[in-house]
$ cat work27.cif   # mmCIF, C-alpha atoms
data_protein
#
loop_
_atom_site.label_atom_id
_atom_site.label_comp_id
_atom_site.auth_asym_id
_atom_site.auth_seq_id
_atom_site.Cartn_x
_atom_site.Cartn_y
_atom_site.Cartn_z
CA MET W 1 -113.92 -147.19 135.90
CA LYS W 2 -115.58 -150.31 134.57
CA THR W 3 -116.24 -150.37 130.84
CA ILE W 4 -117.77 -152.93 128.50
CA THR W 5 -115.54 -153.67 125.52
CA LYS W 6 -118.16 -155.56 123.56
CA LYS W 7 -121.92 -155.60 123.92
CA PRO W 8 -123.29 -159.12 123.33
CA GLU W 9 -125.96 -159.68 120.74
CA VAL W 10 -129.50 -160.56 121.76
CA LEU W 11 -130.42 -163.62 119.68
CA ALA W 12 -134.12 -164.43 119.42
CA PRO W 13 -136.05 -167.39 117.98
CA ALA W 14 -138.14 -167.00 114.84
CA GLY W 15 -140.39 -169.90 113.93
CA ASN W 16 -141.85 -168.08 110.92
CA LEU W 17 -141.58 -164.82 108.99
CA GLU W 18 -143.99 -162.94 111.25
CA LYS W 19 -141.97 -163.89 114.32
CA LEU W 20 -138.73 -162.89 112.62
CA LYS W 21 -139.99 -159.39 111.97
CA ILE W 22 -141.49 -159.05 115.44
CA ALA W 23 -138.30 -160.22 117.15
CA ILE W 24 -136.23 -157.66 115.28
CA ARG W 25 -138.75 -154.85 115.84
CA TYR W 26 -138.67 -155.66 119.55
CA GLY W 27 -134.91 -155.43 119.89
CA ALA W 28 -133.21 -158.62 118.70
CA ASP W 29 -129.79 -158.14 117.07
CA ALA W 30 -130.16 -161.50 115.36
CA VAL W 31 -132.67 -164.31 114.90
CA TYR W 32 -132.29 -168.01 114.28
CA ILE W 33 -134.68 -169.85 112.02
CA GLY W 34 -135.13 -173.29 110.50
CA GLY W 35 -135.16 -174.33 106.90
CA GLN W 36 -137.30 -177.12 105.55
CA ALA W 37 -134.56 -179.71 106.06
CA PHE W 38 -131.67 -180.63 108.36
CA GLY W 39 -133.10 -179.00 111.51
CA LEU W 40 -134.49 -180.16 114.87
CA ARG W 41 -137.87 -178.44 114.82
CA SER W 42 -139.88 -180.20 112.14
CA ARG W 43 -143.15 -178.91 113.63
CA ALA W 44 -142.12 -175.26 113.67
CA GLY W 45 -143.26 -173.01 110.83
CA ASN W 46 -139.98 -173.47 109.01
CA PHE W 47 -138.87 -171.16 106.21
CA SER W 48 -139.00 -171.72 102.48
CA TYR W 49 -136.20 -170.19 100.43
CA GLU W 50 -138.58 -167.40 99.35
CA GLU W 51 -139.39 -166.60 102.98
CA MET W 52 -135.69 -166.62 103.84
CA ILE W 53 -135.03 -164.06 101.10
CA GLU W 54 -137.70 -161.76 102.54
CA GLY W 55 -136.54 -162.36 106.11
CA VAL W 56 -132.90 -161.66 105.32
CA ALA W 57 -133.81 -158.46 103.46
CA PHE W 58 -135.88 -157.26 106.41
CA ALA W 59 -133.19 -158.17 108.94
CA HIS W 60 -130.36 -156.52 107.04
CA GLN W 61 -132.44 -153.36 106.57
CA HIS W 62 -132.63 -153.23 110.36
CA ASP W 63 -128.94 -154.08 110.91
CA ALA W 64 -129.84 -157.54 112.22
CA LYS W 65 -128.60 -161.02 111.27
CA VAL W 66 -130.28 -164.29 110.38
CA TYR W 67 -128.88 -167.69 111.30
CA VAL W 68 -130.28 -171.03 110.12
CA ALA W 69 -130.32 -174.05 112.44
CA ALA W 70 -129.26 -177.21 110.59
CA ASN W 71 -128.42 -179.12 113.74
CA MET W 72 -129.83 -182.59 113.15
CA VAL W 73 -127.84 -185.77 113.80
CA ALA W 74 -127.41 -187.19 110.31
CA HIS W 75 -127.93 -190.90 109.73
CA GLU W 76 -127.03 -192.64 106.46
CA GLY W 77 -128.87 -190.89 103.65
CA ASP W 78 -129.76 -187.81 105.70
CA THR W 79 -127.01 -185.68 104.14
CA LYS W 80 -128.48 -185.97 100.65
CA GLY W 81 -129.00 -182.49 99.24
CA ALA W 82 -127.11 -180.77 102.06
CA GLY W 83 -124.51 -179.23 99.76
CA GLU W 84 -127.14 -177.57 97.57
CA PHE W 85 -129.02 -176.47 100.72
CA PHE W 86 -125.99 -174.72 102.24
CA LEU W 87 -125.01 -173.15 98.91
CA THR W 88 -128.51 -171.72 98.53
CA LEU W 89 -128.40 -170.30 102.05
CA ARG W 90 -125.09 -168.62 101.31
CA ASP W 91 -126.40 -167.07 98.12
CA ILE W 92 -129.57 -165.88 99.88
CA GLY W 93 -127.38 -163.97 102.36
CA ILE W 94 -127.86 -166.05 105.51
CA ASP W 95 -125.31 -164.84 108.05
CA ALA W 96 -124.41 -168.25 109.51
CA VAL W 97 -125.63 -171.83 109.91
CA ILE W 98 -125.83 -173.63 113.25
CA VAL W 99 -124.64 -177.22 112.86
CA SER W 100 -123.76 -180.11 115.17
CA ASP W 101 -122.95 -183.03 112.87
CA PRO W 102 -119.30 -183.04 111.62
CA ALA W 103 -120.40 -184.47 108.26
CA LEU W 104 -122.78 -181.56 107.67
CA ILE W 105 -120.09 -179.12 108.80
CA GLN W 106 -117.67 -180.52 106.23
CA ILE W 107 -120.31 -180.52 103.50
CA CYS W 108 -121.02 -176.85 104.27
CA PHE W 109 -117.35 -175.91 104.03
CA ASP W 110 -116.92 -177.84 100.77
CA SER W 111 -120.13 -176.74 99.06
CA ALA W 112 -120.67 -173.21 100.37
CA PRO W 113 -117.29 -171.60 101.09
CA GLY W 114 -117.74 -168.27 102.84
CA LEU W 115 -120.86 -169.29 104.77
CA PRO W 116 -119.97 -169.03 108.50
CA VAL W 117 -120.63 -172.08 110.65
CA HIS W 118 -121.60 -172.01 114.33
CA LEU W 119 -121.41 -175.18 116.41
CA SER W 120 -124.79 -176.17 117.86
CA THR W 121 -125.34 -176.76 121.56
CA GLN W 122 -126.19 -180.35 120.56
CA ALA W 123 -122.44 -180.93 120.17
CA SER W 124 -121.89 -180.50 123.94
CA ALA W 125 -118.96 -178.06 123.95
CA THR W 126 -117.99 -177.79 127.63
CA ASN W 127 -114.29 -176.81 127.72
CA TYR W 128 -111.88 -174.44 125.99
CA LYS W 129 -109.92 -177.19 124.23
CA THR W 130 -113.10 -178.26 122.47
CA LEU W 131 -113.67 -174.67 121.37
CA GLU W 132 -110.07 -174.46 120.14
CA PHE W 133 -110.59 -177.71 118.22
CA TRP W 134 -113.56 -176.26 116.33
CA LYS W 135 -111.82 -172.91 115.84
CA LYS W 136 -108.93 -174.67 114.07
CA ARG W 137 -111.46 -176.30 111.75
CA GLY W 138 -112.84 -172.97 110.65
CA LEU W 139 -115.86 -172.40 112.89
CA GLU W 140 -116.49 -168.82 114.04
CA ARG W 141 -118.72 -169.47 117.03
CA VAL W 142 -119.63 -172.21 119.48
CA VAL W 143 -123.00 -172.47 121.20
CA LEU W 144 -122.02 -173.74 124.62
CA ALA W 145 -123.63 -176.81 126.14
CA ARG W 146 -126.39 -175.85 128.55
CA GLU W 147 -124.63 -177.85 131.26
CA VAL W 148 -121.68 -175.41 131.42
CA SER W 149 -121.35 -173.37 134.62
CA MET W 150 -120.65 -169.65 134.85
CA GLU W 151 -117.23 -170.36 136.33
CA GLU W 152 -116.41 -172.61 133.37
CA ILE W 153 -117.59 -169.94 130.92
CA ARG W 154 -115.23 -167.41 132.48
CA GLU W 155 -112.32 -169.84 132.17
CA ILE W 156 -113.20 -170.71 128.58
CA GLY W 157 -113.39 -167.02 127.73
CA GLU W 158 -109.93 -166.41 129.18
CA LYS W 159 -108.32 -169.22 127.17
CA THR W 160 -109.86 -168.91 123.72
CA ASP W 161 -111.05 -166.09 121.49
CA ILE W 162 -113.60 -167.98 119.41
CA GLU W 163 -117.07 -166.47 119.88
CA MET W 164 -119.21 -167.97 122.63
CA GLU W 165 -123.00 -168.19 122.51
CA ALA W 166 -125.07 -169.29 125.50
CA PHE W 167 -128.75 -169.88 126.15
CA ILE W 168 -130.20 -167.40 128.63
CA HIS W 169 -133.94 -168.07 128.50
CA GLY W 170 -136.48 -170.71 127.61
CA ALA W 171 -137.18 -174.42 127.79
CA MET W 172 -134.49 -176.78 129.05
CA CYS W 173 -134.17 -180.33 127.74
CA ILE W 174 -133.99 -182.86 130.56
CA SER W 175 -131.34 -184.91 128.73
CA TYR W 176 -127.72 -183.93 128.25
CA SER W 177 -127.51 -181.26 125.53
CA GLY W 178 -130.79 -182.42 124.09
CA ARG W 179 -129.56 -185.83 123.00
CA CYS W 180 -132.62 -187.83 124.04
CA THR W 181 -134.28 -190.99 122.74
CA LEU W 182 -137.46 -191.02 124.85
CA SER W 183 -139.48 -189.74 121.91
CA ASN W 184 -137.96 -192.38 119.63
CA HIS W 185 -139.04 -195.23 121.89
CA MET W 186 -142.37 -193.86 123.10
CA ALA W 187 -143.75 -192.12 120.01
CA ASN W 188 -141.56 -193.46 117.19
CA ARG W 189 -140.42 -189.89 116.49
CA ASP W 190 -136.68 -189.26 116.27
CA ALA W 191 -135.84 -186.33 118.55
CA ASN W 192 -132.41 -185.86 116.99
CA ARG W 193 -133.78 -185.65 113.48
CA GLY W 194 -136.48 -183.09 114.17
CA GLY W 195 -139.38 -185.14 115.52
CA CYS W 196 -139.27 -184.77 119.32
CA ALA W 197 -142.67 -185.49 120.90
CA GLN W 198 -141.50 -184.01 124.24
CA SER W 199 -142.23 -187.25 126.07
CA CYS W 200 -140.48 -185.90 129.17
CA ARG W 201 -143.24 -183.30 129.57
CA TRP W 202 -146.03 -185.87 129.66
CA LYS W 203 -147.66 -186.64 133.00
CA TYR W 204 -147.05 -190.09 134.45
CA ASP W 205 -148.13 -192.26 137.33
CA LEU W 206 -145.15 -193.78 139.12
CA PHE W 207 -145.42 -197.38 140.30
CA GLU W 208 -143.33 -199.63 142.51
CA MET W 209 -143.63 -203.41 142.17
CA ASP W 210 -143.77 -205.27 145.48
CA ARG W 211 -144.05 -209.05 145.11
CA GLY W 212 -145.89 -208.64 141.84
CA VAL W 213 -148.26 -206.00 143.20
CA ALA W 214 -148.08 -202.48 141.69
CA GLN W 215 -148.26 -199.61 144.17
CA ASN W 216 -148.79 -196.08 142.85
CA LEU W 217 -146.24 -193.77 144.50
CA VAL W 218 -148.04 -190.61 143.38
CA ASP W 219 -150.68 -189.53 145.88
CA GLU W 220 -154.07 -188.50 144.55
CA ASP W 221 -153.57 -184.89 145.70
CA GLU W 222 -150.14 -184.61 144.08
CA GLU W 223 -149.20 -183.47 140.59
CA PRO W 224 -148.53 -186.45 138.27
CA PHE W 225 -144.86 -187.29 137.83
CA SER W 226 -142.90 -185.82 134.92
CA MET W 227 -139.27 -185.79 133.81
CA SER W 228 -139.48 -182.18 132.69
CA ALA W 229 -137.05 -179.45 133.69
CA VAL W 230 -138.29 -175.97 134.52
CA ASP W 231 -137.47 -173.12 132.15
CA LEU W 232 -134.23 -171.18 132.15
CA SER W 233 -134.13 -167.46 132.95
CA MET W 234 -130.98 -165.37 133.37
CA ILE W 235 -132.76 -162.01 133.37
CA ARG W 236 -131.19 -161.10 136.75
CA TYR W 237 -127.71 -162.27 135.80
CA ILE W 238 -126.98 -160.63 132.48
CA PRO W 239 -124.02 -158.74 134.03
CA ASP W 240 -122.37 -162.09 134.80
CA MET W 241 -122.87 -163.25 131.21
CA VAL W 242 -121.41 -160.02 129.80
CA ASP W 243 -118.45 -160.00 132.19
CA ALA W 244 -117.70 -163.65 131.38
CA GLY W 245 -117.28 -162.72 127.72
CA VAL W 246 -120.36 -164.32 126.19
CA ASP W 247 -120.78 -162.88 122.69
CA SER W 248 -124.36 -163.95 122.00
CA LEU W 249 -127.27 -164.32 124.43
CA LYS W 250 -129.70 -166.87 123.03
CA ILE W 251 -133.42 -167.14 123.74
CA GLU W 252 -135.11 -170.50 123.17
CA GLY W 253 -138.54 -170.78 121.57
CA ARG W 254 -138.97 -171.11 117.80
CA MET W 255 -142.37 -172.69 118.43
CA LYS W 256 -143.48 -169.98 120.87
CA SER W 257 -145.93 -167.17 120.05
CA ILE W 258 -145.21 -163.60 118.95
CA HIS W 259 -146.45 -162.60 122.42
CA TYR W 260 -143.56 -164.59 123.93
CA VAL W 261 -140.97 -163.49 121.37
CA SER W 262 -141.79 -159.80 121.61
CA THR W 263 -141.90 -159.75 125.41
CA VAL W 264 -138.74 -161.73 126.06
CA ALA W 265 -136.64 -160.11 123.31
CA SER W 266 -137.55 -156.59 124.42
CA LEU W 267 -136.83 -157.31 128.08
CA TYR W 268 -133.38 -158.77 127.49
CA ARG W 269 -132.69 -155.88 125.12
CA LYS W 270 -133.48 -153.44 127.94
CA VAL W 271 -131.30 -155.25 130.48
CA VAL W 272 -128.31 -155.63 128.14
CA ASP W 273 -128.48 -151.97 127.11
CA ALA W 274 -128.85 -150.76 130.69
CA TYR W 275 -125.90 -152.74 131.98
CA CYS W 276 -123.56 -152.03 129.08
CA ALA W 277 -124.34 -148.30 129.19
CA ASP W 278 -123.29 -147.93 132.83
CA PRO W 279 -122.04 -151.17 134.41
CA GLU W 280 -120.80 -149.56 137.62
CA ASN W 281 -124.17 -148.04 138.49
CA PHE W 282 -126.40 -150.75 137.05
CA GLU W 283 -129.34 -151.77 139.21
CA PHE W 284 -131.73 -154.55 138.28
CA ASP W 285 -135.34 -153.42 138.02
CA PRO W 286 -137.68 -156.07 139.49
CA ALA W 287 -140.34 -154.90 137.02
CA TRP W 288 -138.33 -156.60 134.27
CA GLU W 289 -138.73 -159.98 135.92
CA ASP W 290 -142.39 -159.31 136.65
CA GLU W 291 -142.90 -158.73 132.95
CA LEU W 292 -141.34 -162.09 132.11
CA TRP W 293 -143.90 -163.88 134.25
CA LYS W 294 -146.61 -162.62 131.91
CA VAL W 295 -145.41 -165.09 129.27
CA ALA W 296 -143.98 -167.76 131.59
CA GLN W 297 -145.36 -171.28 131.18
CA ARG W 298 -143.36 -172.98 133.92
CA GLU W 299 -141.21 -172.14 136.91
CA LEU W 300 -137.94 -170.33 136.14
CA SER W 301 -134.42 -171.17 137.29
CA THR W 302 -130.77 -170.49 136.42
CA GLY W 303 -130.18 -174.03 135.19
CA PHE W 304 -126.56 -175.21 135.53
CA PHE W 305 -124.95 -171.77 135.68
CA TYR W 306 -124.50 -171.57 139.46
CA GLN W 307 -125.14 -175.06 140.80
CA GLU W 308 -126.15 -178.55 139.82
CA PRO W 309 -129.96 -178.45 139.46
CA THR W 310 -131.74 -180.29 142.25
CA GLU W 311 -135.22 -181.76 142.56
CA ASP W 312 -136.45 -178.21 143.15
CA GLU W 313 -135.64 -177.41 139.51
CA GLN W 314 -137.89 -180.21 138.23
CA LEU W 315 -141.64 -180.23 137.68
CA PHE W 316 -142.21 -183.08 140.11
CA GLY W 317 -144.71 -181.24 142.30
CA LYS W 318 -147.33 -178.58 141.94
CA THR W 319 -145.98 -175.30 140.63
CA ARG W 320 -146.75 -172.08 142.41
CA LYS W 321 -149.42 -169.91 140.85
CA ILE W 322 -148.05 -167.36 138.43
CA PRO W 323 -149.81 -164.49 136.65
CA GLN W 324 -151.44 -165.74 133.47
CA TYR W 325 -151.83 -163.41 130.52
CA ALA W 326 -153.24 -164.15 127.10
CA PHE W 327 -152.19 -162.48 123.88
CA ALA W 328 -155.40 -160.72 122.80
CA ALA W 329 -154.73 -158.48 119.78
CA GLN W 330 -152.22 -156.75 117.54
CA VAL W 331 -152.49 -153.06 116.68
CA LEU W 332 -152.94 -152.45 112.95
CA ALA W 333 -153.47 -148.67 113.04
CA TYR W 334 -154.15 -145.75 115.37
CA ASP W 335 -156.00 -142.44 114.89
CA PRO W 336 -154.57 -139.85 117.32
CA GLU W 337 -157.55 -137.49 116.90
CA SER W 338 -160.24 -139.98 117.87
CA LYS W 339 -157.85 -142.12 119.99
CA ILE W 340 -159.30 -145.17 118.24
CA ALA W 341 -157.05 -148.15 117.57
CA THR W 342 -157.71 -150.73 114.88
CA LEU W 343 -156.90 -154.20 116.16
CA GLN W 344 -156.53 -157.70 114.77
CA GLN W 345 -157.99 -160.13 117.30
CA ARG W 346 -155.72 -162.98 118.43
CA ASN W 347 -157.71 -164.21 121.45
CA ASN W 348 -161.23 -163.74 122.76
CA PHE W 349 -161.65 -160.45 124.65
CA GLY W 350 -164.56 -158.20 125.48
CA VAL W 351 -166.06 -155.24 127.30
CA GLY W 352 -165.02 -155.19 130.96
CA ASP W 353 -161.75 -157.09 130.46
CA GLU W 354 -158.59 -155.70 132.05
CA ILE W 355 -156.06 -155.31 129.26
CA GLU W 356 -152.52 -154.08 128.72
CA PHE W 357 -150.80 -152.56 125.68
CA TYR W 358 -147.06 -152.67 125.08
CA GLY W 359 -144.75 -151.82 122.20
CA PRO W 360 -141.15 -152.15 120.99
CA SER W 361 -139.87 -149.18 123.01
CA ASP W 362 -142.76 -148.76 125.44
CA THR W 363 -143.26 -150.47 128.80
CA GLY W 364 -146.99 -150.26 128.23
CA PHE W 365 -150.15 -149.17 129.99
CA LYS W 366 -153.27 -150.81 131.39
CA GLN W 367 -156.94 -150.01 130.94
CA VAL W 368 -160.37 -151.64 130.84
CA VAL W 369 -162.16 -152.37 127.57
CA ARG W 370 -165.16 -150.03 127.38
CA ASP W 371 -166.43 -150.28 123.81
CA ILE W 372 -165.71 -152.45 120.78
CA TRP W 373 -166.84 -151.95 117.17
CA ASN W 374 -166.66 -154.44 114.35
CA GLU W 375 -165.61 -153.65 110.76
CA ASP W 376 -169.14 -152.44 109.97
CA GLY W 377 -169.04 -149.95 112.85
CA GLU W 378 -171.50 -151.96 114.93
CA SER W 379 -171.06 -152.07 118.69
CA ILE W 380 -170.26 -155.56 119.99
CA ASP W 381 -169.64 -156.98 123.45
CA ARG W 382 -166.84 -159.37 122.55
CA ALA W 383 -164.25 -159.90 119.83
CA LYS W 384 -164.67 -163.66 119.67
CA ASN W 385 -164.00 -164.54 116.05
CA ALA W 386 -160.42 -165.52 115.24
CA MET W 387 -158.37 -162.82 113.50
CA MET W 388 -161.35 -160.46 113.21
CA THR W 389 -160.69 -156.73 112.83
CA VAL W 390 -162.18 -154.49 115.52
CA LYS W 391 -161.82 -150.95 116.82
CA MET W 392 -161.74 -149.51 120.33
CA VAL W 393 -160.79 -146.33 122.16
CA VAL W 394 -157.43 -146.55 123.93
CA ASP W 395 -156.29 -144.38 126.82
CA GLU W 396 -152.79 -143.67 125.49
CA PRO W 397 -151.25 -143.50 121.99
CA VAL W 398 -150.25 -146.77 120.37
CA GLU W 399 -148.64 -147.69 117.06
CA GLN W 400 -148.72 -150.43 114.49
CA PHE W 401 -147.08 -153.60 115.85
CA TYR W 402 -148.05 -152.81 119.43
CA PHE W 403 -149.66 -155.77 121.20
CA MET W 404 -152.56 -156.08 123.59
CA ARG W 405 -152.83 -158.81 126.21
CA LYS W 406 -155.48 -159.55 128.79
CA LYS W 407 -155.27 -160.97 132.25
CA LYS W 408 -156.93 -164.38 132.38
#
$ encode --input "work27.cif" --output "structure tokens"
Amino acid sequence: MKTITKKPEVLAPAGNLEKLKIAIRYGADAVYIGGQAFGLRSRAGNFSYEEMIEGVAFAHQHDAKVYVAANMVAHEGDTKGAGEFFLTLRDIGIDAVIVSDPALIQICFDSAPGLPVHLSTQASATNYKTLEFWKKRGLERVVLAREVSMEEIREIGEKTDIEMEAFIHGAMCISYSGRCTLSNHMANRDANRGGCAQSCRWKYDLFEMDRGVAQNLVDEDEEPFSMSAVDLSMIRYIPDMVDAGVDSLKIEGRMKSIHYVSTVASLYRKVVDAYCADPENFEFDPAWEDELWKVAQRELSTGFFYQEPTEDEQLFGKTRKIPQYAFAAQVLAYDPESKIATLQQRNNFGVGDEIEFYGPSDTGFKQVVRDIWNEDGESIDRAKNAMMTVKMVVDEPVEQFYFMRKKK
């Protein structure tokens, strides 16, 4: 009989305090956040120390963990204040820091003893000897390079007992382990110190010079050229990740919406729980993948896990049409007697729209918007003002922190 000795954690992104709480409510065992220094997401809603204190308290009340990404490549002068930063994180109760630069790792060990350190994927750990190297230096976990194959993960897991973390969903950097300088040269923003302008995702014309004459190689009816990889999705292959010994399943997206975070975290939670509960009789439900497409922004692939990505895994041509949903509202309250829900608007919606509600433990239900009332009880056709509070009758019970989305 097949049994699972250790259920991996579902690790979700949290770009701000609201996303942290949503991720945990929707099933994440842990979240990773950024502080206001030493990270690679300078444009994310990074956390102040006060917000970290609140986030850690919330997470620990729900038996979840909080990790802080401090994974920048440090140039001369960039390490100033790092010791105080790590010491403060330790005293706040942060469960671990995610670091790539050896200097910052050493500063953390020297200044904040007892604060666990995880090696960032930026460090390109691709073999078991590398993991053993970092284990001997006191690290507890290594976030594997995204270029590692499933076969290599199995071998690494057999030869070392340091914890392994692997990305399972989200955007993929086109350069090796994210070490890119396109943004530096094209936008004067250092990608490895938190300023990536995502130049690879821009659209380009592609020219060939023939005897001094430029010929555009992109036909008028074709999608402009990009250097952008499609997104990663391992929703169908969680059993392989578990069996290979991966300890933490990481979702990318600290700059994504709460619609994305809630949907993706809850889906991977369902798949992990289903497989670990009964691995021998596990069957993948296609509805799980269908749900992912409601927040997908690009095509999805398995990255490097099973083969070297080919041109088919790049956004060189037109993508196939995928269902497009918009995050429309968040449930603030519900009256079971009148069946009226109080909503906070997050996107324009109105009477006649096809909508869908879903919650932390609920797969959701669909209905059509029939009536909307504003805060003064007046009937309105559309909720078109940002963050306005409205009420409407819903067909099935909902709860606070449920979300409503509409089909575009």
$ residues_around --input "work27.cif" --residues "W:Leu217" --least-positions-apart "2" --cutoff "9 Å" --atoms "only C-alpha atoms" --output "list in words"
Asp205, Leu206, Phe207, Glu208, Gln215 and Asp219 of chain W
$ atom_distance --input "work27.cif" --atom1 "atom CA of W:Asn374" --atom2 "atom CA of W:Val398"
19.1 Å
$ closest_atom_pairs --input "work27.cif" --of "stretch 81-128 of chain W" --to "stretch 168-192 of chain W" --cutoff "10 Å" --atoms "all atoms listed in the file" --output "Markdown table"
| residue | atom | partner | partner_atom | distance |
| --- | --- | --- | --- | --- |
| W:Ser120 | CA | W:Ser177 | CA | 9.6 |
| W:Thr121 | CA | W:Ser177 | CA | 6.4 |
| W:Gln122 | CA | W:Ser177 | CA | 5.2 |
| W:Ala123 | CA | W:Ser177 | CA | 7.4 |
| W:Ser124 | CA | W:Ser177 | CA | 5.9 |
| W:Ala125 | CA | W:Ser177 | CA | 9.3 |
$ atom_distance --input "work27.cif" --atom1 "atom CA of W:Gln307" --atom2 "atom CA of W:Met234"
13.5 Å
$ residues_around --input "work27.cif" --residues "W:Ser262" --least-positions-apart "6" --cutoff "9 Å" --atoms "only C-alpha atoms" --output "JSON, numbers by chain"
{"W": [19, 22, 23, 24, 25, 26, 27, 359, 360, 403]}
$ closest_residue --input "work27.cif" --among "W:Ile92, W:Gly303, W:Thr263, W:Ala296" --to "W:Ala145" --atoms "only C-alpha atoms"
W:Gly303
$ closest_atom_pairs --input "work27.cif" --of "stretch 87-141 of chain W" --to "stretch 46-65 of chain W" --cutoff "7 Å" --atoms "all atoms listed in the file" --output "CSV"
residue,atom,partner,partner_atom,distance
W:Ile92,CA,W:Ile53,CA,5.9
W:Gly93,CA,W:Val56,CA,6.7
W:Ile94,CA,W:Val56,CA,6.7
W:Asp95,CA,W:Lys65,CA,6.0
$ atom_distance --input "work27.cif" --atom1 "atom CA of W:Val213" --atom2 "atom CA of W:Cys200"
25.7 Å
$ decode --input "work27.cif" --residues "stretch 253-271 of chain W" --atoms "N, CA and C atoms" --output "mmCIF file, in the first residue's frame"
data_model
loop_
_atom_site.group_PDB
_atom_site.id
_atom_site.type_symbol
_atom_site.label_atom_id
_atom_site.label_comp_id
_atom_site.auth_asym_id
_atom_site.auth_seq_id
_atom_site.Cartn_x
_atom_site.Cartn_y
_atom_site.Cartn_z
ATOM 1 N N GLY W 253 4.213 34.936 -7.835
ATOM 2 C CA GLY W 253 3.208 35.959 -8.051
ATOM 3 C C GLY W 253 2.982 36.961 -6.952
ATOM 4 N N ARG W 254 4.036 37.544 -6.366
ATOM 5 C CA ARG W 254 3.821 38.532 -5.308
ATOM 6 C C ARG W 254 3.164 39.805 -5.824
ATOM 7 N N MET W 255 3.217 40.023 -7.141
ATOM 8 C CA MET W 255 2.588 41.219 -7.699
ATOM 9 C C MET W 255 1.225 40.914 -8.307
ATOM 10 N N LYS W 256 0.759 39.669 -8.164
ATOM 11 C CA LYS W 256 -0.540 39.284 -8.699
ATOM 12 C C LYS W 256 -1.655 39.677 -7.731
ATOM 13 N N SER W 257 -2.905 39.600 -8.221
ATOM 14 C CA SER W 257 -4.072 40.039 -7.458
ATOM 15 C C SER W 257 -4.512 38.999 -6.431
ATOM 16 N N ILE W 258 -5.425 39.423 -5.520
ATOM 17 C CA ILE W 258 -5.989 38.457 -4.573
ATOM 18 C C ILE W 258 -6.871 37.443 -5.300
ATOM 19 N N HIS W 259 -7.396 37.808 -6.452
ATOM 20 C CA HIS W 259 -8.139 36.853 -7.284
ATOM 21 C C HIS W 259 -7.218 35.706 -7.690
ATOM 22 N N TYR W 260 -6.031 36.034 -8.150
ATOM 23 C CA TYR W 260 -5.036 35.026 -8.544
ATOM 24 C C TYR W 260 -4.595 34.209 -7.335
ATOM 25 N N VAL W 261 -4.201 34.886 -6.265
ATOM 26 C CA VAL W 261 -3.661 34.196 -5.093
ATOM 27 C C VAL W 261 -4.674 33.235 -4.498
ATOM 28 N N SER W 262 -5.908 33.687 -4.344
ATOM 29 C CA SER W 262 -6.934 32.834 -3.737
ATOM 30 C C SER W 262 -7.239 31.624 -4.604
ATOM 31 N N THR W 263 -7.358 31.840 -5.907
ATOM 32 C CA THR W 263 -7.704 30.743 -6.811
ATOM 33 C C THR W 263 -6.595 29.705 -6.870
ATOM 34 N N VAL W 264 -5.381 30.147 -7.102
ATOM 35 C CA VAL W 264 -4.273 29.209 -7.285
ATOM 36 C C VAL W 264 -3.932 28.488 -5.982
ATOM 37 N N ALA W 265 -3.889 29.206 -4.867
ATOM 38 C CA ALA W 265 -3.569 28.569 -3.588
ATOM 39 C C ALA W 265 -4.602 27.507 -3.225
ATOM 40 N N SER W 266 -5.882 27.823 -3.420
ATOM 41 C CA SER W 266 -6.924 26.858 -3.042
ATOM 42 C C SER W 266 -6.899 25.625 -3.931
ATOM 43 N N LEU W 267 -6.587 25.807 -5.206
ATOM 44 C CA LEU W 267 -6.558 24.665 -6.122
ATOM 45 C C LEU W 267 -5.409 23.717 -5.800
ATOM 46 N N TYR W 268 -4.219 24.264 -5.590
ATOM 47 C CA TYR W 268 -3.101 23.381 -5.242
ATOM 48 C C TYR W 268 -3.305 22.745 -3.874
ATOM 49 N N ARG W 269 -3.969 23.452 -2.957
ATOM 50 C CA ARG W 269 -4.321 22.857 -1.676
ATOM 51 C C ARG W 269 -5.193 21.613 -1.882
ATOM 52 N N LYS W 270 -6.210 21.745 -2.757
ATOM 53 C CA LYS W 270 -7.111 20.622 -3.014
ATOM 54 C C LYS W 270 -6.367 19.425 -3.611
ATOM 55 N N VAL W 271 -5.487 19.698 -4.575
ATOM 56 C CA VAL W 271 -4.786 18.600 -5.247
ATOM 57 C C VAL W 271 -3.817 17.910 -4.287
#
